[in-house]
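Structure below is final_29.cif: mmCIF, C-alpha atoms and all ligand atoms.
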data_protein
#
loop_
_atom_site.label_atom_id
_atom_site.label_comp_id
_atom_site.auth_asym_id
_atom_site.auth_seq_id
_atom_site.Cartn_x
_atom_site.Cartn_y
_atom_site.Cartn_z
CA VAL H 1 0.00 0.00 0.00
CA LYS H 2 0.99 3.56 -0.64
CA LYS H 3 2.13 5.33 2.51
CA LEU H 4 -0.50 7.75 3.79
CA PRO H 5 0.50 11.40 4.23
CA GLU H 6 0.57 12.93 7.71
CA LEU H 7 -2.28 15.44 7.79
CA GLY H 8 -2.19 16.53 11.43
CA VAL H 9 -5.31 17.67 13.28
CA GLY H 10 -8.57 18.38 11.49
CA LEU H 11 -12.24 19.05 11.96
CA LEU H 12 -15.26 17.13 10.74
CA ILE H 13 -17.67 19.66 9.31
CA HIS H 14 -21.27 19.06 8.44
CA TYR H 15 -22.11 20.92 5.25
CA SER H 16 -24.38 23.47 6.91
CA GLU H 17 -24.55 27.21 7.62
CA LYS H 18 -23.66 26.66 11.27
CA TYR H 19 -20.04 26.01 10.36
CA LYS H 20 -19.40 29.01 8.09
CA ASN H 21 -19.02 31.49 10.94
CA TYR H 22 -17.24 28.93 13.12
CA LEU H 23 -14.55 28.31 10.54
CA GLU H 24 -13.63 31.99 10.47
CA HIS H 25 -12.55 31.64 14.09
CA VAL H 26 -10.72 28.33 13.89
CA ASN H 27 -9.52 27.90 10.30
CA ASN H 28 -5.95 29.07 10.97
CA HIS H 29 -5.45 26.25 13.48
CA VAL H 30 -7.00 23.45 11.44
CA ASP H 31 -4.71 21.36 9.22
CA PHE H 32 -7.45 19.75 7.11
CA TYR H 33 -11.19 19.11 7.01
CA GLU H 34 -13.29 15.98 6.83
CA LEU H 35 -16.70 15.96 5.15
CA LEU H 36 -19.48 13.40 4.99
CA LEU H 37 -19.94 11.81 1.57
CA ILE H 38 -23.70 11.75 2.02
CA HIS H 39 -23.92 15.55 2.01
CA PHE H 40 -22.74 15.57 -1.60
CA SER H 41 -24.75 12.71 -3.07
CA GLU H 42 -27.03 15.06 -5.02
CA ASN H 43 -24.29 17.43 -6.09
CA PRO H 44 -20.86 15.77 -6.35
CA ASN H 45 -19.44 18.84 -8.14
CA ALA H 46 -20.02 21.00 -5.07
CA LEU H 47 -17.00 19.27 -3.59
CA LYS H 48 -14.72 20.95 -6.12
CA ARG H 49 -16.02 24.33 -5.00
CA VAL H 50 -15.75 23.46 -1.30
CA LYS H 51 -12.19 22.28 -1.83
CA LYS H 52 -11.30 25.62 -3.45
CA GLU H 53 -13.02 27.59 -0.69
CA LEU H 54 -11.45 25.75 2.22
CA LYS H 55 -7.93 25.62 0.73
CA LYS H 56 -6.98 22.61 2.87
CA PRO H 57 -6.76 18.86 2.29
CA LEU H 58 -10.14 17.12 2.49
CA LEU H 59 -10.99 13.67 3.78
CA LEU H 60 -14.32 11.98 3.10
CA HIS H 61 -16.29 9.77 5.44
CA SER H 62 -18.87 7.26 4.21
CA ALA H 63 -21.63 5.18 5.78
CA ALA H 64 -23.08 3.86 2.54
CA ALA H 65 -21.14 0.80 1.46
CA SER H 66 -22.46 -1.76 4.02
CA LEU H 67 -19.33 -3.90 3.86
CA ALA H 68 -21.00 -6.83 5.64
CA THR H 69 -23.93 -7.20 3.23
CA ASP H 70 -23.87 -10.54 1.44
CA GLY H 71 -24.78 -9.41 -2.06
CA PRO H 72 -23.34 -7.71 -5.11
CA VAL H 73 -21.81 -4.26 -4.83
CA ASN H 74 -24.11 -1.49 -6.04
CA GLU H 75 -22.12 -0.19 -9.03
CA THR H 76 -23.98 3.11 -9.25
CA MET H 77 -23.25 3.80 -5.60
CA VAL H 78 -19.56 2.95 -5.92
CA ASN H 79 -19.17 5.09 -9.05
CA SER H 80 -20.82 7.98 -7.26
CA MET H 81 -18.55 7.49 -4.24
CA LYS H 82 -15.54 7.53 -6.53
CA GLU H 83 -16.68 10.70 -8.27
CA ARG H 84 -17.03 12.53 -4.95
CA ILE H 85 -13.74 11.24 -3.55
CA ASP H 86 -11.94 12.25 -6.77
CA ASN H 87 -13.58 15.69 -6.76
CA ALA H 88 -12.29 16.26 -3.22
CA ASP H 89 -8.91 14.77 -4.19
CA ALA H 90 -9.02 13.02 -0.81
CA PRO H 91 -5.74 11.29 0.15
CA TRP H 92 -7.96 8.54 1.62
CA TYR H 93 -11.58 7.90 2.63
CA SER H 94 -13.19 5.88 5.39
CA GLU H 95 -16.08 3.49 5.83
CA HIS H 96 -17.57 1.61 8.80
CA LEU H 97 -17.03 -2.07 9.47
CA CYS H 98 -20.73 -2.85 9.62
CA PHE H 99 -23.99 -3.95 8.05
CA THR H 100 -26.55 -1.29 7.11
CA GLY H 101 -29.06 -3.34 5.14
CA VAL H 102 -29.84 -5.30 2.01
CA SER H 103 -31.13 -4.05 -1.32
CA GLY H 104 -34.53 -2.48 -0.67
CA LEU H 105 -34.42 -2.83 3.11
CA GLN H 106 -32.29 -0.61 5.35
CA ALA H 107 -31.45 -1.36 9.00
CA GLY H 108 -31.50 2.36 9.82
CA THR H 109 -28.30 2.08 11.83
CA LEU H 110 -24.75 0.77 11.64
CA VAL H 111 -24.99 -2.83 12.82
CA LEU H 112 -21.97 -4.73 14.13
CA PRO H 113 -21.62 -7.87 11.95
CA ILE H 114 -21.95 -11.42 13.27
CA MET H 115 -18.25 -12.12 13.58
CA THR H 116 -17.63 -15.37 11.73
CA GLU H 117 -15.25 -16.55 9.01
CA GLU H 118 -18.13 -16.27 6.53
CA SER H 119 -18.67 -12.59 7.42
CA LEU H 120 -14.95 -11.98 7.10
CA ASN H 121 -14.94 -13.35 3.56
CA ILE H 122 -17.91 -11.19 2.55
CA ILE H 123 -16.32 -8.06 4.04
CA CYS H 124 -12.85 -8.66 2.61
CA ASP H 125 -14.26 -9.34 -0.87
CA LYS H 126 -16.24 -6.13 -0.72
CA ILE H 127 -13.21 -4.12 0.37
CA SER H 128 -11.12 -5.52 -2.46
CA ILE H 129 -13.83 -4.48 -4.96
CA LEU H 130 -13.93 -0.96 -3.49
CA ASN H 131 -10.14 -0.79 -3.63
CA LYS H 132 -10.10 -1.82 -7.27
CA LYS H 133 -12.81 0.64 -8.30
CA ILE H 134 -12.04 3.67 -6.16
CA GLN H 135 -8.25 3.47 -6.29
CA ARG H 136 -7.71 5.41 -3.07
CA PRO H 137 -6.78 4.06 0.36
CA LEU H 138 -9.77 3.02 2.48
CA LEU H 139 -9.74 3.24 6.27
CA ILE H 140 -12.07 1.01 8.28
CA GLU H 141 -13.93 2.45 11.29
CA ASN H 142 -15.13 0.55 14.38
CA VAL H 143 -18.89 0.83 14.98
CA VAL H 144 -20.87 0.70 18.22
CA ASN H 145 -21.23 -2.62 20.06
CA MET H 146 -25.02 -2.45 20.38
CA TYR H 147 -24.86 -5.96 21.83
CA ASN H 148 -22.17 -8.35 23.01
CA ASP H 149 -19.71 -9.78 20.48
CA VAL H 150 -21.49 -12.50 18.51
CA GLY H 151 -19.55 -15.15 16.58
CA ASP H 152 -16.07 -16.66 16.69
CA PHE H 153 -14.08 -13.46 17.12
CA THR H 154 -14.15 -10.56 19.55
CA HIS H 155 -14.87 -7.18 17.97
CA ALA H 156 -11.21 -6.17 18.19
CA GLU H 157 -9.98 -9.51 16.79
CA PHE H 158 -12.44 -9.17 13.94
CA ILE H 159 -11.18 -5.69 13.08
CA ASN H 160 -7.57 -6.91 13.24
CA GLU H 161 -8.38 -9.77 10.89
CA VAL H 162 -10.03 -7.48 8.32
CA LEU H 163 -7.09 -5.06 8.46
CA LYS H 164 -4.61 -7.90 8.00
CA ARG H 165 -6.42 -9.65 5.16
CA THR H 166 -7.12 -6.45 3.19
CA ASP H 167 -3.96 -4.55 4.10
CA SER H 168 -6.12 -1.68 5.37
CA LYS H 169 -5.64 0.88 8.12
CA LEU H 170 -7.97 1.69 11.00
CA LEU H 171 -10.01 4.77 11.79
CA LEU H 172 -10.59 4.49 15.54
CA SER H 173 -13.78 6.19 16.73
CA VAL H 174 -13.63 7.14 20.39
CA GLU H 175 -17.34 8.04 20.45
CA ASN H 176 -18.31 4.63 19.10
CA MET H 177 -16.38 3.01 21.94
CA SER H 178 -18.20 5.24 24.43
CA MET H 179 -21.58 4.45 22.90
CA SER H 180 -20.72 0.75 23.13
CA LYS H 181 -20.62 0.99 26.89
CA ARG H 182 -24.14 2.44 26.90
CA PHE H 183 -25.57 -0.61 25.14
CA TYR H 184 -23.12 -3.20 26.38
CA PRO H 185 -21.95 -2.31 29.91
CA GLU H 186 -19.09 -4.83 29.94
CA PHE H 187 -17.45 -2.91 27.10
CA ASP H 188 -14.17 -1.41 28.25
CA HIS H 189 -12.29 1.18 26.16
CA TYR H 190 -8.86 0.14 27.40
CA LYS H 191 -9.44 -3.59 27.00
CA PHE H 192 -10.72 -2.98 23.47
CA ILE H 193 -7.69 -0.82 22.59
CA ASP H 194 -5.28 -3.34 24.12
CA GLU H 195 -6.67 -6.05 21.86
CA LEU H 196 -6.43 -3.90 18.73
CA GLU H 197 -3.46 -3.87 16.37
CA THR H 198 -2.81 -0.25 17.35
CA SER H 199 0.08 0.19 14.91
CA LYS H 200 -2.59 0.21 12.19
CA ILE H 201 -4.47 3.22 13.57
CA ALA H 202 -4.09 5.84 10.84
CA GLN H 203 -6.91 8.13 11.93
CA ILE H 204 -8.80 8.93 15.13
CA HIS H 205 -12.28 10.43 15.51
CA CYS H 206 -12.87 12.13 18.83
CA PRO H 207 -15.89 14.22 19.81
CA LEU H 208 -15.64 17.57 21.54
CA GLY H 209 -18.81 18.99 23.05
CA ASN H 210 -19.71 22.34 24.56
CA LEU H 211 -17.74 22.17 27.81
CA GLU H 212 -20.10 24.40 29.83
CA GLU H 213 -23.23 22.53 28.80
CA GLN H 214 -21.55 19.20 29.42
CA LYS H 215 -21.09 20.13 33.10
CA ILE H 216 -24.84 20.40 33.65
CA THR H 217 -25.97 17.57 31.39
CA PRO H 218 -26.48 14.20 33.09
CA ASP H 219 -25.60 11.01 31.25
CA SER H 220 -27.00 7.62 32.25
CA THR H 221 -23.80 5.75 31.41
CA TYR H 222 -21.09 8.13 32.58
CA GLY H 223 -22.84 10.28 35.19
CA SER H 224 -22.46 13.48 33.17
CA LEU H 225 -21.37 14.43 29.69
CA GLU H 226 -18.41 16.17 31.33
CA LYS H 227 -17.22 12.80 32.67
CA LYS H 228 -17.73 11.20 29.30
CA GLN H 229 -15.71 13.98 27.65
CA GLN H 230 -12.94 13.52 30.23
CA LEU H 231 -12.84 9.82 29.36
CA HIS H 232 -12.34 10.79 25.71
CA PHE H 233 -9.35 12.94 26.64
CA ASP H 234 -7.99 10.12 28.83
CA VAL H 235 -8.33 7.66 25.96
CA LEU H 236 -6.39 9.97 23.63
CA ASN H 237 -3.67 10.27 26.24
CA TYR H 238 -3.55 6.50 26.62
CA LEU H 239 -3.29 5.99 22.86
CA ALA H 240 -0.46 8.51 22.52
CA LYS H 241 1.56 7.77 25.62
CA GLU H 242 0.97 4.11 26.49
CA LYS H 243 0.34 2.66 23.04
CA LYS H 244 2.63 5.07 21.16
CA VAL H 245 0.00 5.47 18.46
CA LYS H 246 1.14 7.67 15.57
CA PRO H 247 -1.94 8.48 13.52
CA ASN H 248 -1.77 10.28 10.19
CA ALA H 249 -4.78 12.34 11.17
CA LEU H 250 -6.82 13.18 14.23
CA VAL H 251 -10.32 14.55 13.61
CA TRP H 252 -12.44 16.40 16.15
CA GLU H 253 -16.20 15.97 15.83
CA LEU H 254 -18.24 18.87 17.23
CA GLU H 255 -21.79 17.56 16.85
CA THR H 256 -22.49 15.89 20.18
CA GLU H 257 -25.38 15.51 22.60
CA THR H 258 -25.59 19.16 23.72
CA ASN H 259 -27.50 21.94 21.96
CA SER H 260 -24.49 24.08 21.14
CA ILE H 261 -21.09 23.13 19.84
CA ALA H 262 -17.76 23.79 21.56
CA GLU H 263 -16.70 27.42 21.97
CA PRO H 264 -14.07 28.22 19.33
CA LYS H 265 -11.48 29.03 22.03
CA ASP H 266 -12.03 25.64 23.71
CA PHE H 267 -11.82 23.86 20.40
CA ILE H 268 -8.56 25.63 19.56
CA ASN H 269 -7.13 24.71 22.98
CA TYR H 270 -7.86 21.02 22.55
CA LEU H 271 -6.83 21.06 18.91
CA GLU H 272 -3.41 22.43 19.88
CA TRP H 273 -3.21 20.00 22.80
CA SER H 274 -3.83 17.05 20.47
CA LYS H 275 -1.29 18.34 17.94
CA ASP H 276 1.29 18.29 20.66
CA LEU H 277 0.13 14.91 21.91
CA PHE H 278 0.24 13.04 18.60
CA PHE H 279 2.42 15.00 16.23
CA ASN H 280 5.80 15.13 17.90
CA LYS H 281 5.73 18.37 19.72
CA GLU H 282 6.25 19.07 23.39
CA VAL H 283 3.11 18.15 25.30
CA ILE H 284 1.38 21.13 26.85
CA LYS H 285 -0.64 20.72 30.03
CA LEU H 286 -4.28 21.79 30.03
FE FE F 301 -18.16 7.34 11.50
#
The structure given in the file should be rewritten as C-alpha cells.
Amino acid sequence: VKKLPELGVGLLIHYSEKYKNYLEHVNNHVDFYELLLIHFSENPNALKRVKKELKKPLLLHSAAASLATDGPVNETMVNSMKERIDNADAPWYSEHLCFTGVSGLQAGTLVLPIMTEESLNIICDKISILNKKIQRPLLIENVVNMYNDVGDFTHAEFINEVLKRTDSKLLLSVENMSMSKRFYPEFDHYKFIDELETSKIAQIHCPLGNLEEQKITPDSTYGSLEKKQQLHFDVLNYLAKEKKVKPNALVWELETETNSIAEPKDFINYLEWSKDLFFNKEVIKL
C-alpha cells in the first residue's frame, strides 16, 4: 500500500450554515477538514467548489457501502462514491465495518456484523472491490457494540483480521467506543484498545462537546457528559503515551449531545493540545 501522508489535526464539518461562521474563528489552526460523503450525493461537483473555498486537504467519510452485506456491490453507488472522492482529491476515505441493510431494506443504523469466518470473507471481498474501483486508500472504522460480540471473534480480533487480510488501516472512533458501553456495559475502552493492532491506527475520531453545557448535562452511562468527555481525553492520552499510536490524522467531531457546539477558544485549545500529543511536539498541560 501507498504510505498515507501525515495530515495533522482536522475538523469534521457538516455541510451546513452553522459552520461558516465557526470556521472563520478556527480555520488558521485546522490542518485539514473531513466531510461526509452523504452531504454531496445530489451534487458531487459541489465538492470541487468546497475544496477551493477551504484551501486545505479534504478527507471523506462514508456510511453507505455496508461492507457486511452478502450481495453484489451497487455499481452506481460505488461510481458515485468515486466521483465525490476524486472531486475532493481526498488522500484517503473511510467506511464503517458494519452492516446497514440489504437491497430495498435498510437497518436504519450501523450494525456490528456477526463475527464469523463467513462474514470476514464477505467483508474482505467487498473491500477488495472498493479498492479496485475507487483506487484510493480506504480506512475502516469501528462501529458501536449495540450488543455483546457475537460469533467466533471478539470485535477487536475481527477488526484486526479485516485489516490484515485487506492490508487496510484503521479509523478508531472514540465516540463509538463510548456508545458501546451504553448498550453493552461490559465494554471497556482500554481492554478494546489493548486487543487492537494499534500500529494500524491511521486516523482517530474524537468528539468535543460544549464544555459548559456538558457540566450540567447528566448522562445515564457516565454520570455526566463532562465525565464522558474527560474519558475521551484520557483515551487519547492513553493511545499517545501508552500505546505510542502515531496516527496520520486526528479529527475532532463537534456535533455531540448538547444543543451548542464547543466554543471556538475551547476547540482551539484542545486542537493544539492534540497536535502536541500526537504529532511530535512538546506536550502542553491543560
Ligand atoms: Fe463514522
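If only C-alpha atoms and all ligand atoms are the atoms counted, then among H:Lys275, H:Arg84, H:Lys52, H:His205 the closest residue to ligand FE 301 (chain F) is H:His205.
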What are the nearest atom pairs, with distances in Å to one decimal, for all residues of chain H that come at most 10 Å from ligand FE 301 (chain F), using all atoms listed in the file, set out by chain and rising residue number as a tab-separated table?
residue	atom	partner	partner_atom	distance
H:Leu36	CA	F:FE301	FE	9.0
H:His61	CA	F:FE301	FE	6.8
H:Ser62	CA	F:FE301	FE	7.3
H:Ala63	CA	F:FE301	FE	7.0
H:Ser94	CA	F:FE301	FE	8.0
H:Glu95	CA	F:FE301	FE	7.2
H:His96	CA	F:FE301	FE	6.4
H:Leu97	CA	F:FE301	FE	9.7
H:Leu110	CA	F:FE301	FE	9.3
H:Ile140	CA	F:FE301	FE	9.4
H:Glu141	CA	F:FE301	FE	6.5
H:Asn142	CA	F:FE301	FE	8.0
H:Val143	CA	F:FE301	FE	7.4
H:Val144	CA	F:FE301	FE	9.8
H:Leu171	CA	F:FE301	FE	8.6
H:Leu172	CA	F:FE301	FE	9.0
H:Ser173	CA	F:FE301	FE	6.9
H:Val174	CA	F:FE301	FE	10.0
H:Glu175	CA	F:FE301	FE	9.0
H:Asn176	CA	F:FE301	FE	8.1
H:His205	CA	F:FE301	FE	7.8
H:Glu253	CA	F:FE301	FE	9.9
Query raised in the report: Which residues, written as a list in words, have at least one atom at most 9 Å from H:Val26, with only C-alpha atoms counted and residues fewer than 5 positions away on the same chain left out?
Result: Pro264, Lys265, Phe267 and Ile268 of chain H
Query raised in the report: Contacts of H:Glu197 at 10 Å or less, counting only C-alpha atoms, minus same-chain residues fewer than 6 places along, as number ranges by chain?
Result: H: 156-157, 159-161, 163-164, 169-170
**Report entry** Given only C-alpha atoms as the counted atoms, nearest of H:Asn45, H:Thr221, H:Gln203, H:Thr258 to H:Gly10
**Finding:** H:Gln203
Report task. Excluding H:Asn28 and residues on its chain fewer than 2 positions from it, collect all residues at most 12 Å away from it, counting only C-alpha atoms, and give them as a PyMOL selection string. Result -> chain H and resi 9-11+22-26+30-33+54-56+264+268+271-272
Requested in this report: Select all residues near (-23.4, 14.3, 24.6) (cut-off 12 Å, inclusive, file coordinates), counting only C-alpha atoms, and output them as a ChimeraX atom specification.
Outcome: /H:175,178-179,207-230,232,253-262
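With only C-alpha atoms as the atoms that count, the residue of H:Gly8, H:Pro137, H:Gly151, H:Pro44 with the shortest distance to H:Asn79 is H:Pro44.
Residue nearest H:Lys48 within the list H:Ile193, H:Val78, H:Ile13, H:Ala88: H:Ala88 [criterion: smallest interatomic distance, all atoms listed in the file].
You will find atom CA of H:Lys133 at 28.5 Å from atom CA of H:Lys246.
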Report task. Using all atoms listed in the file, find the one residue out of H:Asp152, H:Leu59, H:Phe187, H:Cys206 that sits nearest to H:Leu138. Result -> H:Leu59
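Reported to one decimal place, the separation of atom CA of H:Thr166 from atom CA of H:Glu195 is 18.7 Å.
Considering only C-alpha atoms, the residue among H:Asn21, H:Asn87, H:Ser119, H:Ser274 positioned nearest to H:Ser66 is H:Ser119.
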Generate the missing atoms of stretch 109-120 of chain H up to all heavy atoms and report them as a JSON list (two decimals), keeping the file's coordinate frame.
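Writing the result to selection-v7.json gives the following:
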[["chain", "number", "residue", "atom", "x", "y", "z"],
["H", 109, "THR", "N", -29.43, 1.81, 10.94],
["H", 109, "THR", "CA", -28.30, 2.08, 11.83],
["H", 109, "THR", "C", -27.10, 1.26, 11.36],
["H", 109, "THR", "O", -27.21, 0.46, 10.44],
["H", 109, "THR", "CB", -28.67, 1.77, 13.30],
["H", 109, "THR", "OG1", -27.62, 2.21, 14.15],
["H", 109, "THR", "CG2", -28.92, 0.30, 13.52],
["H", 110, "LEU", "N", -25.97, 1.48, 12.02],
["H", 110, "LEU", "CA", -24.75, 0.77, 11.64],
["H", 110, "LEU", "C", -24.63, -0.45, 12.56],
["H", 110, "LEU", "O", -24.32, -0.32, 13.73],
["H", 110, "LEU", "CB", -23.53, 1.68, 11.78],
["H", 110, "LEU", "CG", -23.62, 3.06, 11.11],
["H", 110, "LEU", "CD1", -22.32, 3.84, 11.31],
["H", 110, "LEU", "CD2", -23.92, 2.94, 9.62],
["H", 111, "VAL", "N", -24.91, -1.62, 12.01],
["H", 111, "VAL", "CA", -24.99, -2.83, 12.82],
["H", 111, "VAL", "C", -23.66, -3.58, 12.82],
["H", 111, "VAL", "O", -23.08, -3.84, 11.75],
["H", 111, "VAL", "CB", -26.11, -3.76, 12.28],
["H", 111, "VAL", "CG1", -26.24, -5.01, 13.14],
["H", 111, "VAL", "CG2", -27.44, -3.02, 12.19],
["H", 112, "LEU", "N", -23.19, -3.93, 14.01],
["H", 112, "LEU", "CA", -21.97, -4.73, 14.13],
["H", 112, "LEU", "C", -22.23, -6.11, 13.51],
["H", 112, "LEU", "O", -23.23, -6.77, 13.84],
["H", 112, "LEU", "CB", -21.62, -4.89, 15.62],
["H", 112, "LEU", "CG", -20.36, -5.67, 15.96],
["H", 112, "LEU", "CD1", -19.11, -4.95, 15.48],
["H", 112, "LEU", "CD2", -20.27, -5.91, 17.46],
["H", 113, "PRO", "N", -21.37, -6.57, 12.60],
["H", 113, "PRO", "CA", -21.62, -7.87, 11.95],
["H", 113, "PRO", "C", -21.54, -9.04, 12.94],
["H", 113, "PRO", "O", -20.93, -8.91, 14.00],
["H", 113, "PRO", "CB", -20.48, -7.98, 10.93],
["H", 113, "PRO", "CG", -19.91, -6.61, 10.80],
["H", 113, "PRO", "CD", -20.17, -5.90, 12.10],
["H", 114, "ILE", "N", -22.17, -10.15, 12.57],
["H", 114, "ILE", "CA", -21.95, -11.42, 13.27],
["H", 114, "ILE", "C", -20.52, -11.82, 12.88],
["H", 114, "ILE", "O", -20.20, -11.91, 11.70],
["H", 114, "ILE", "CB", -22.94, -12.51, 12.78],
["H", 114, "ILE", "CG1", -24.38, -12.01, 12.85],
["H", 114, "ILE", "CG2", -22.72, -13.81, 13.54],
["H", 114, "ILE", "CD1", -24.94, -11.83, 14.23],
["H", 115, "MET", "N", -19.67, -12.03, 13.89],
["H", 115, "MET", "CA", -18.25, -12.12, 13.58],
["H", 115, "MET", "C", -17.79, -13.55, 13.36],
["H", 115, "MET", "O", -17.28, -14.22, 14.27],
["H", 115, "MET", "CB", -17.48, -11.38, 14.66],
["H", 115, "MET", "CG", -17.85, -9.89, 14.59],
["H", 115, "MET", "SD", -17.13, -8.83, 15.81],
["H", 115, "MET", "CE", -17.99, -9.34, 17.28],
["H", 116, "THR", "N", -18.01, -14.02, 12.13],
["H", 116, "THR", "CA", -17.63, -15.37, 11.73],
["H", 116, "THR", "C", -16.68, -15.30, 10.53],
["H", 116, "THR", "O", -16.53, -14.24, 9.92],
["H", 116, "THR", "CB", -18.86, -16.17, 11.29],
["H", 116, "THR", "OG1", -19.47, -15.48, 10.20],
["H", 116, "THR", "CG2", -19.87, -16.33, 12.42],
["H", 117, "GLU", "N", -16.11, -16.44, 10.19],
["H", 117, "GLU", "CA", -15.25, -16.55, 9.01],
["H", 117, "GLU", "C", -16.03, -16.16, 7.75],
["H", 117, "GLU", "O", -15.51, -15.50, 6.84],
["H", 117, "GLU", "CB", -14.73, -17.99, 8.92],
["H", 117, "GLU", "CG", -13.70, -18.25, 7.85],
["H", 117, "GLU", "CD", -12.38, -17.49, 8.04],
["H", 117, "GLU", "OE1", -11.96, -17.28, 9.20],
["H", 117, "GLU", "OE2", -11.80, -17.09, 7.02],
["H", 118, "GLU", "N", -17.30, -16.57, 7.69],
["H", 118, "GLU", "CA", -18.13, -16.27, 6.53],
["H", 118, "GLU", "C", -18.29, -14.75, 6.36],
["H", 118, "GLU", "O", -18.16, -14.21, 5.26],
["H", 118, "GLU", "CB", -19.50, -16.94, 6.69],
["H", 118, "GLU", "CG", -20.32, -16.92, 5.43],
["H", 118, "GLU", "CD", -21.72, -17.50, 5.62],
["H", 118, "GLU", "OE1", -22.04, -17.97, 6.74],
["H", 118, "GLU", "OE2", -22.49, -17.45, 4.65],
["H", 119, "SER", "N", -18.58, -14.06, 7.47],
["H", 119, "SER", "CA", -18.67, -12.59, 7.42],
["H", 119, "SER", "C", -17.37, -11.98, 6.94],
["H", 119, "SER", "O", -17.36, -11.04, 6.14],
["H", 119, "SER", "CB", -18.95, -12.01, 8.81],
["H", 119, "SER", "OG", -20.24, -12.26, 9.22],
["H", 120, "LEU", "N", -16.26, -12.51, 7.48],
["H", 120, "LEU", "CA", -14.95, -11.98, 7.10],
["H", 120, "LEU", "C", -14.74, -12.05, 5.60],
["H", 120, "LEU", "O", -14.26, -11.10, 4.97],
["H", 120, "LEU", "CB", -13.84, -12.79, 7.78],
["H", 120, "LEU", "CG", -13.33, -12.31, 9.13],
["H", 120, "LEU", "CD1", -12.31, -13.29, 9.67],
["H", 120, "LEU", "CD2", -12.71, -10.92, 9.02]]
